[in-house]
Amino acid sequence: QGINELGHKIKIYCIRPAERSPNVINKNVQGIVDGVQYVYPAKTTIWPNSKIERIYIYLKGIILTWKSINQQHKIEKIDVLLSYSYSILINNFFRILSKLHKIKFVYFVDEYPYSILYPKKYGPIYRWYELNHFYKIFDSLLVITTPLKEFYETRIKQNAKIDIIPMTVQPKRFESVLEESLFPKPYFAYAGY
């Protein structure tokens with residue numbers, strides 16, 4: 001939203017649906033939230049239960065996102081492709097698109113690599129690739145803390161940039177909360193991953 005407020009045109013592609021039955025909150029496959037346009041290219045917001053359907057929806061989302069970005073770039077030049085996906089597959093796929101159209105490919109990362117966070121889930125080859133090669137596909141990295149910057153700056157390509165974008169709380173998100181505090185004095189609560 002902050003980028004939008006600075007006057008930049010943004011479109012968010014939700015490649016993989018995030019809603020799960022029966023707790024579906026958003027059924028709209030496209031729309032505008034706080035002035036920012038979003039779209040689910042696979043034409044569904046619901047992540048299916050079937051593995052075969054998941055593969056189909058996932059691939060459909062990737063292909064239709066590629067097609068849409070490709071068409072949009074022909075109409076109006078795209079300057080930056082910002083990825084928030086942890087998927088090595090998706091990021092390598094869209095790196096090709098960014099190279100074809102000379103679009104800057106930027107990665108927003110707010111955690112350490114998955115191969116470090118979940119060592120039992122990822123094998124040594126995945127870990128080696130992620131730590132030694134994956135981050136070199138990006139032209140720039142955006143991180144949220146100084147320790148993350150220090151960790152990733154040794155893993156990006158030589159001419160890539162890395163900047164810190166601190167996470168902030170938007171107070172207006174909580175304006176609708178009317179409940180009185182249960183505590184006698186002000187407090188700060190943090191609920192992290």
# chains A, B, ... in the order shown; residues from 1 in each chain; ligands from 1

call {"tool": "residues_around", "arguments": {"residues": "Asn49 (chain A)", "least_positions_apart": "3", "cutoff": "12 Å", "atoms": "only C-alpha atoms", "output": "PDB file with C-alpha atoms, in the first residue's frame"}}
result
ATOM      1  CA  PRO A  17      -5.189 -19.515  -4.161  1.00  0.00           C
ATOM      2  CA  ALA A  18      -5.044 -19.080  -0.393  1.00  0.00           C
ATOM      3  CA  GLU A  19      -8.611 -19.734   0.767  1.00  0.00           C
ATOM      4  CA  ARG A  20      -9.550 -23.160   2.112  1.00  0.00           C
ATOM      5  CA  SER A  21     -13.006 -24.665   2.393  1.00  0.00           C
ATOM      6  CA  PRO A  22     -15.117 -24.334   4.451  1.00  0.00           C
ATOM      7  CA  ILE A  46      -9.991 -21.573  -3.146  1.00  0.00           C
ATOM      8  CA  ILE A  52      -4.111 -33.383  -8.704  1.00  0.00           C
ATOM      9  CA  GLU A  53      -6.368 -30.312  -8.638  1.00  0.00           C
ATOM     10  CA  ARG A  54      -3.711 -28.421  -6.654  1.00  0.00           C
ATOM     11  CA  ILE A  55      -1.047 -29.160  -9.268  1.00  0.00           C
ATOM     12  CA  TYR A  56      -3.443 -28.103 -12.029  1.00  0.00           C
ATOM     13  CA  ILE A  57      -4.449 -24.831 -10.267  1.00  0.00           C
TER      14      ILE A  57
END

call {"tool": "residues_around", "arguments": {"residues": "region 160-162 of chain A", "least_positions_apart": "2", "cutoff": "9 Å", "atoms": "only C-alpha atoms", "output": "number ranges by chain"}}
result
A: 136, 138-143, 149, 152-153, 156-158, 164

call {"tool": "atom_distance", "arguments": {"atom1": "CA of Asp34 (chain A)", "atom2": "CA of Ile103 (chain A)"}}
result
25.4 Å

call {"tool": "atom_distance", "arguments": {"atom1": "CA of Val29 (chain A)", "atom2": "CA of Tyr107 (chain A)"}}
result
24.2 Å

call {"tool": "atom_distance", "arguments": {"atom1": "CA of Asp79 (chain A)", "atom2": "CA of Lys104 (chain A)"}}
result
6.3 Å

call {"tool": "residues_around", "arguments": {"residues": "region 80-85 of chain A", "least_positions_apart": "3", "cutoff": "9 Å", "atoms": "only C-alpha atoms", "output": "list in words"}}
result
Ile88, Ile90, Asn91, Phe94, Ser98, Ile103, Lys104, Phe105, Val106, Tyr107, Phe108 and Val109 of chain A

call {"tool": "write_last_selection", "arguments": {"atoms": "C-alpha atoms", "output": "compact mmCIF listing (two decimals), in the first residue's frame"}}
result
# COMPACT_ATOMS: atom_id res chain seq x y z
CA ILE A 88 12.32 -21.59 -6.10
CA ILE A 90 8.13 -19.78 -9.39
CA ASN A 91 11.02 -17.36 -8.90
CA PHE A 94 9.63 -15.40 -13.53
CA SER A 98 12.12 -10.46 -16.27
CA ILE A 103 12.35 -5.86 -15.99
CA LYS A 104 14.11 -5.51 -12.63
CA PHE A 105 13.47 -8.61 -10.54
CA VAL A 106 13.20 -7.81 -6.83
CA TYR A 107 12.67 -10.23 -3.96
CA PHE A 108 11.05 -9.32 -0.65
CA VAL A 109 12.27 -11.64 2.08

call {"tool": "closest_residue", "arguments": {"among": "A:Leu89, A:Ile12, A:Leu64, A:Ile96", "to": "Phe134 (chain A)", "atoms": "only C-alpha atoms"}}
result
A:Leu89

call {"tool": "select_by_dssp", "arguments": {"residues": "region 69-129 of chain A", "states": "alpha helix (DSSP H)", "output": "JSON, numbers by chain"}}
result
{"A": [69, 70, 71, 72, 73, 74, 75, 88, 89, 90, 91, 92, 93, 94, 95, 96, 97, 98, 99, 100, 101, 114, 115, 116, 117, 124, 125, 126, 127, 128, 129]}

call {"tool": "write_last_selection", "arguments": {"atoms": "N, CA, C and O atoms", "output": "compact mmCIF listing (two decimals), in the first residue's frame"}}
result
# COMPACT_ATOMS: atom_id res chain seq x y z
N ILE A 69 1.29 -10.79 -17.39
CA ILE A 69 2.41 -9.85 -17.26
C ILE A 69 3.00 -9.56 -18.63
O ILE A 69 3.32 -8.41 -18.95
N ASN A 70 3.14 -10.59 -19.44
CA ASN A 70 3.68 -10.43 -20.79
C ASN A 70 2.81 -9.47 -21.62
O ASN A 70 3.32 -8.55 -22.27
N GLN A 71 1.49 -9.66 -21.57
CA GLN A 71 0.57 -8.78 -22.30
C GLN A 71 0.59 -7.36 -21.75
O GLN A 71 0.60 -6.38 -22.51
N GLN A 72 0.59 -7.24 -20.42
CA GLN A 72 0.60 -5.92 -19.79
C GLN A 72 1.85 -5.14 -20.16
O GLN A 72 1.80 -3.94 -20.40
N HIS A 73 2.99 -5.83 -20.20
CA HIS A 73 4.26 -5.16 -20.52
C HIS A 73 4.26 -4.61 -21.94
O HIS A 73 4.88 -3.58 -22.22
N LYS A 74 3.54 -5.27 -22.85
CA LYS A 74 3.44 -4.78 -24.23
C LYS A 74 2.60 -3.51 -24.30
O LYS A 74 2.85 -2.64 -25.13
N ILE A 75 1.61 -3.39 -23.41
CA ILE A 75 0.73 -2.21 -23.38
C ILE A 75 1.41 -1.05 -22.65
O ILE A 75 1.42 0.08 -23.11
N ILE A 88 11.18 -21.66 -5.19
CA ILE A 88 12.32 -21.59 -6.10
C ILE A 88 11.84 -21.76 -7.54
O ILE A 88 12.31 -21.06 -8.44
N LEU A 89 10.88 -22.66 -7.75
CA LEU A 89 10.32 -22.89 -9.09
C LEU A 89 9.72 -21.61 -9.66
O LEU A 89 10.06 -21.18 -10.77
N ILE A 90 8.80 -20.99 -8.92
CA ILE A 90 8.13 -19.78 -9.39
C ILE A 90 9.14 -18.66 -9.65
O ILE A 90 9.09 -18.00 -10.68
N ASN A 91 10.06 -18.45 -8.73
CA ASN A 91 11.02 -17.36 -8.90
C ASN A 91 11.94 -17.57 -10.09
O ASN A 91 12.23 -16.62 -10.82
N ASN A 92 12.39 -18.79 -10.32
CA ASN A 92 13.23 -19.05 -11.50
C ASN A 92 12.43 -18.87 -12.78
O ASN A 92 12.95 -18.36 -13.78
N PHE A 93 11.18 -19.28 -12.76
CA PHE A 93 10.30 -19.13 -13.93
C PHE A 93 10.13 -17.66 -14.28
O PHE A 93 10.26 -17.25 -15.43
N PHE A 94 9.85 -16.82 -13.26
CA PHE A 94 9.63 -15.40 -13.53
C PHE A 94 10.93 -14.62 -13.72
O PHE A 94 10.92 -13.52 -14.26
N ARG A 95 12.05 -15.21 -13.35
CA ARG A 95 13.34 -14.61 -13.67
C ARG A 95 13.53 -14.60 -15.18
O ARG A 95 14.04 -13.64 -15.75
N ILE A 96 13.10 -15.66 -15.82
CA ILE A 96 13.18 -15.74 -17.28
C ILE A 96 12.37 -14.61 -17.90
O ILE A 96 12.84 -13.91 -18.80
N LEU A 97 11.14 -14.41 -17.42
CA LEU A 97 10.28 -13.34 -17.93
C LEU A 97 10.92 -11.97 -17.72
O LEU A 97 10.92 -11.13 -18.62
N SER A 98 11.49 -11.76 -16.54
CA SER A 98 12.12 -10.46 -16.27
C SER A 98 13.32 -10.23 -17.18
O SER A 98 13.55 -9.11 -17.63
N LYS A 99 14.06 -11.27 -17.47
CA LYS A 99 15.21 -11.15 -18.38
C LYS A 99 14.74 -10.84 -19.82
O LYS A 99 15.33 -10.00 -20.50
N LEU A 100 13.69 -11.53 -20.26
CA LEU A 100 13.17 -11.32 -21.62
C LEU A 100 12.75 -9.87 -21.86
O LEU A 100 12.96 -9.32 -22.93
N HIS A 101 12.14 -9.26 -20.84
CA HIS A 101 11.62 -7.90 -20.99
C HIS A 101 12.48 -6.83 -20.32
O HIS A 101 12.07 -5.67 -20.26
N TYR A 114 14.32 -21.22 3.96
CA TYR A 114 13.57 -22.38 4.46
C TYR A 114 14.48 -23.55 4.79
O TYR A 114 14.22 -24.31 5.72
N SER A 115 15.55 -23.72 4.03
CA SER A 115 16.44 -24.85 4.29
C SER A 115 17.15 -24.72 5.63
O SER A 115 17.61 -25.71 6.19
N ILE A 116 17.22 -23.51 6.16
CA ILE A 116 17.78 -23.29 7.50
C ILE A 116 16.68 -23.40 8.55
O ILE A 116 16.86 -24.03 9.60
N LEU A 117 15.51 -22.82 8.26
CA LEU A 117 14.40 -22.87 9.21
C LEU A 117 13.84 -24.28 9.39
O LEU A 117 13.41 -24.65 10.48
N PRO A 124 20.08 -31.90 1.24
CA PRO A 124 21.34 -31.15 1.08
C PRO A 124 21.48 -30.46 -0.28
O PRO A 124 22.08 -29.38 -0.36
N ILE A 125 20.93 -31.05 -1.34
CA ILE A 125 21.04 -30.42 -2.67
C ILE A 125 20.20 -29.14 -2.72
O ILE A 125 20.65 -28.10 -3.19
N TYR A 126 18.97 -29.23 -2.19
CA TYR A 126 18.11 -28.05 -2.12
C TYR A 126 18.79 -26.97 -1.30
O TYR A 126 18.85 -25.81 -1.70
N ARG A 127 19.31 -27.33 -0.14
CA ARG A 127 19.96 -26.37 0.75
C ARG A 127 21.16 -25.72 0.05
O ARG A 127 21.34 -24.51 0.11
N TRP A 128 21.98 -26.54 -0.61
CA TRP A 128 23.14 -26.01 -1.32
C TRP A 128 22.71 -25.00 -2.39
O TRP A 128 23.27 -23.91 -2.49
N TYR A 129 21.71 -25.37 -3.19
CA TYR A 129 21.24 -24.46 -4.25
C TYR A 129 20.67 -23.18 -3.65
O TYR A 129 21.00 -22.08 -4.09

call {"tool": "closest_residue", "arguments": {"among": "A:Arg16, A:Ile78, A:Ile62, A:Tyr190", "to": "Pro48 (chain A)", "atoms": "only C-alpha atoms"}}
result
A:Arg16
